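Below is one structure; the comments refer to it alone.
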Amino acid sequence: MNNKRTLQALALSLSLLLTLSPGAYAALTTKQAGQLLEEFYIDEVPPSVLAQPTIPEMLEALGDPYTEYFPPQDYQSFLSSMSDISLVGIGVTFQVTEEGLYLNEILEHSPAEAGGLRPGDLIIAIDGRSVLGQDSDTITGWIRGEEGSTVSVTYLREGQKETTVTLVRALVVVAATTTQLIDDHIGYIRCSTFGDETYGHFKEGMETYGDKATVWIVDLRSNLGGSTEAATNAAGLFAGSGEMAYLRDGSNQYGAYFYSETPKTLYPVIVLMDFYSASSSELFASIIRDYQAGIIIGSRSYGKGVAQQVLDQQYDPELFADGDAIKITSHRFYSPAGNTTDQIGVIPDLLVPPEMAGNVAYLLAGSAPTSDTSGTLKVDLGWRWYVDLQTAINEDPEALQLLLNALPVNKDLWLGTGGPNGWQRTDAASVAREQSLEYTLPQFSDQSESLYDTALSVLKTFSLIHGREDGAFHPRDTLTRAELCQLLAIALNCTVPEGESSFTDVPADAWYTPAIVAMTQLGLVNGTGDGTFSPDSAIDHQQFITIMGRLSQRLNMYFYNAILETPAETINTPELSGYADWAKPSAWLLSYSQKGYFGNTLSLLWADAANIESLQFTTRDEAAYTIYRILSYTGILPA
């Protein structure tokens with residue numbers, strides 16, 4: 001069975017849920033809240049936080065959007081948000097468009113199903129009132145009502161004449177996780193949150209369709225997270241047994257989540273993500289990637305790499321006697337490969353607009369040809385995926401165009417030439433040209449000047465680097481301190497904090513100020529020691545390598561631990577005699593700490609650290625390549 005092991009003995013609920021708005025405050029006193037923060041918060045709590053007169057002011061001063069207090073009613077809402085929902089209505093899910101309510105799903109055995117509504121129908125009026133221009137809350141209020149009451153719905157189907165049907169409202173259950181079979185071979189799981197019922201829903205769905213599904217799609221778009229255990233167990237159904245996640249507390253103590261059962265499928269899974277896929281959703285996707293159980297399609301995810309402990313009556317019946325609770329950020333979490341999603345999020349294998357991620361996934365979910373490869377495109381993304389080009393052009397050319405443009409240049413493509421095994425190597429540009437589709441080569445205008453052409457193209461494909469205002473990258477130019485901050489902010493998909501820079505030479509309205517503020521608050525860069533930053537100054541190699549060492553430690557727990565666990569005499573090697581003492585740990589970390597399969601040393605720099613002139617200025621080319629190497633080596637960048 002599944003086994004969760006943590007280094008703390010307390011039976012607490014560990015949550016990776018992203019919550020976007022604070023609740024009201026009551027019950028718990030500021031003194032009690034302060035004591036809980038000091039005991040459980042992942043970082044040291046400043047005295048200024050504890051001195052605040054109210055809990056709202058205390059948590060605002062803490063500056064952590066994930067640490068929250070819940071009065072009883074808000075706590076029940078919080079718990080309900082991670083469960084199936086029972087409500088009285090007609091049993092539809094929809095999205096508001098300019099033309100009306102587009103019906104995404106009709107629930108089984110619902111009033112809407114009994115009334116003949118279908119997915120794709122467009123509701124334009126409810127009880128004679130037009131829905132145009134109304135928000136979703138207002139429309140939901142019109143649809144819901146007392147059980148047994150009636151509501152009239154006017155809709156359009158495929159642009160034809162209006163149809164009005166009267167429905168009898170009933171109690172319907174909206175499952176947080178649903179499974180269906182598409183085209184008799186695609187298992188589609190839609191998961192809106194990870195709660196106590198999620199693992200059971202996943203398992204039941206996979207057992208129901210497991211003998212038919214030859215590929216799975218797990219849709220985590222707009223899934224804000226939830227229970228860590230639910231996410232790791234659900235991912236284990238695809239990845240199989242092993243360590244699913246690691247968590248580190250403020251004392252650098254680690255816990256781990258394990259899954260001990262065999263996978264429920266031997267076929268791959270495609271995970272769909274968007275910006276609102278957060279926390280447990282990001283952990284689920286990271287597990288799938290690290291175990292090479294499938295691929296990820298969509299946009300970069302939110303970037304929440306911390307977990308919270310929920311303290312409620314289960315923790316202390318007297319302290320939370322009113323049914324209130326407090327959620328405190330207590331751990332940083334890491335994927336099986338040791339990577340964090342904090343700030344950087346999850347970078348998909350195919351970066352496409354989230355609203356088209358399902359279309360692209362559907363193209364890739366085609367069956368492998370058995371007798372004739374003609375007209376089939378074979379795509380190597382770890383797993384082999386097969387696209388019927390004629391069907392794609394006829395039914396969804398936009399999705400095919402997005403797929404071709406999202407493919408990194410280092411991925412292998414083959415075009416079927418006939419027979420059961422006829423394949424010819426090709427590339428995305430050639431396929432796009434043959435199918436009369438637009439294609440943009442992921443290159444800068446001056447990329448021929450770079451020593452690391454493939455690295456630049458891959459980074460550009462994933463929008464991890466930008467050029468200068470003229471659109472060129474200028475690879476041989478010297479890198480300034482401001483440009484480095486901008487490069488890192490883009491690569492990390494960084495949230496820009498509020499407030500002005502503390503450096504006297506970093507004006508509020510400068511193009512680089514948000515990046516400098518963000519990188520400073522993340523602890524990756526420092527000033528020059530006199531209250532200035534010198535944004536236009538060139539950065540030398542040992543300064544740059546030091547910052548890259550901090551970056552690797554932030555992104556991956558194995559790099560973080562390597563510095564802590566390695567004796568000083570190991571780091572102070574003769575090869576690093578040309579570096580300042582403060583730069584040696586990072587130079588050693590990036591050039592000598594990592595070993596290959598045969599015990600060989602792997603450098604993540606553009607050269608062995610001993611052969612790099614430490615005081616020579618860093619080029620933009622060297623900076624981009626090092627970022628590429630770190631992200632690729634850790635597996636944060638798709639392989």
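Please note that chains go A, B, ... in the order of the structure tokens, that every chain numbers its residues from 1, and that ligands are numbered from 1 in the order shown.
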Expected answer as number ranges by chain: strand (DSSP E or B) residues in stretch 370-456 of chain A: A: 376-381, 383-388, 413-418, 422-426
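Neighbouring residues of A:Ser371 at 9 Å or closer, counting only C-alpha atoms and skipping chain neighbours under 6 positions away, are Gly418, Gly419, Pro420 and Asn421 of chain A.
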Stretch 204-416 of chain A: residues DSSP assigns to helix (DSSP H, G or I), reported as an MDAnalysis selection string: chainID A and resid 204:209 228:239 280:290 354:364 389:395 397:406
Spatial neighbours of stretch 305-317 of chain A, max dist 9 Å, only C-alpha atoms, sep filter under 3 positions, as an MDAnalysis selection string: chainID A and resid 10:17 36 40:41 66:67 228 247 278:279 282:283 320:334 340:345
All residues 10 Å or closer to A:Arg554, only C-alpha atoms, same chain fewer than 5 positions away omitted, as a list in words: Asn339, Thr340, Asp342, Leu522, Gly523, Leu524, Met548, Gly549, Phe559 and Tyr560 of chain A
Minimum-distance residue to A:Gln443, chosen among A:Ser463, A:Ser430, A:Ser281, A:Ser152 (using only C-alpha atoms):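 Using only C-alpha atoms, A:Gln443 sits closest to A:Ser463.
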